[in-house]
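**Q** After the structure tokens below, expect a handful of questions from me.
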Amino acid sequence: MFDLGYSVPEASRSLDVGETVLRRLVQLFQSEQLWHRNQYCVTPEQQKIQELEARINRLEREKDILKNRLPGTPWPMALETRPLH
């Protein structure tokens with residue numbers, strides 16, 4: 001409506017609806033547009049990228065924990081083999 005240059009009164013007359021109804025619909029539309037821009041609406045590709053980035057971060061944290069462990073500390077039970085030194 002606003003993209004076409006119509007004011008609320010003009011658009012409400014053209015659509016044969018009350019101005020209050022039209023204003024509420026515009027507010028609802030704008031709030032939904034804002035909601036969709038806040039990462040709640042992502043493409044499957046964006047979602048996969050976010051999942052992979054989270055996995056990379058988790059694996060890097062785990063690697064740092066293992067790399068910086070104290071000498072003599074036993075390896076976690078989940079690891080089946082020890083690195084060859």
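Order determines the names: the first chain of the structure tokens is A, the second B, and so forth; residues in each chain are numbered 1 upward, and ligands are numbered 1 upward as they are shown.
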Please identify all polymer residues within 9 Å of Pro9 of chain A, counting only C-alpha atoms, omitting same-chain residues fewer than 5 positions from it, and present them as a PDB file with C-alpha atoms, in the first residue's frame.

**A**
ATOM      1  CA  SER A  14     -10.384   1.745  -2.326  1.00  0.00           C
ATOM      2  CA  GLY A  18     -12.385   0.757   7.747  1.00  0.00           C
ATOM      3  CA  GLU A  19      -9.216   2.732   8.409  1.00  0.00           C
ATOM      4  CA  LEU A  22      -6.408  -1.405   7.657  1.00  0.00           C
TER       5      LEU A  22
END

**Q** Distance atom CA of Ile49 of chain A-atom CA of Glu32 of chain A, one decimal place?

**A**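 Pair atom CA of Ile49 of chain A / atom CA of Glu32 of chain A returns 24.1 Å.
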
**Q** With distances taken over only C-alpha atoms, which of A:Lys48, A:Glu53, A:Val26, A:Leu59 is nearest to Val8 of chain A?

**A**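 Checking each candidate against Val8 of chain A, we get A:Val26 as the closest.
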
**Q** One decimal, in Å: what's the spacing between atom CA of Glu10 of chain A and atom CA of Arg24 of chain A?

**A** 15.5 Å
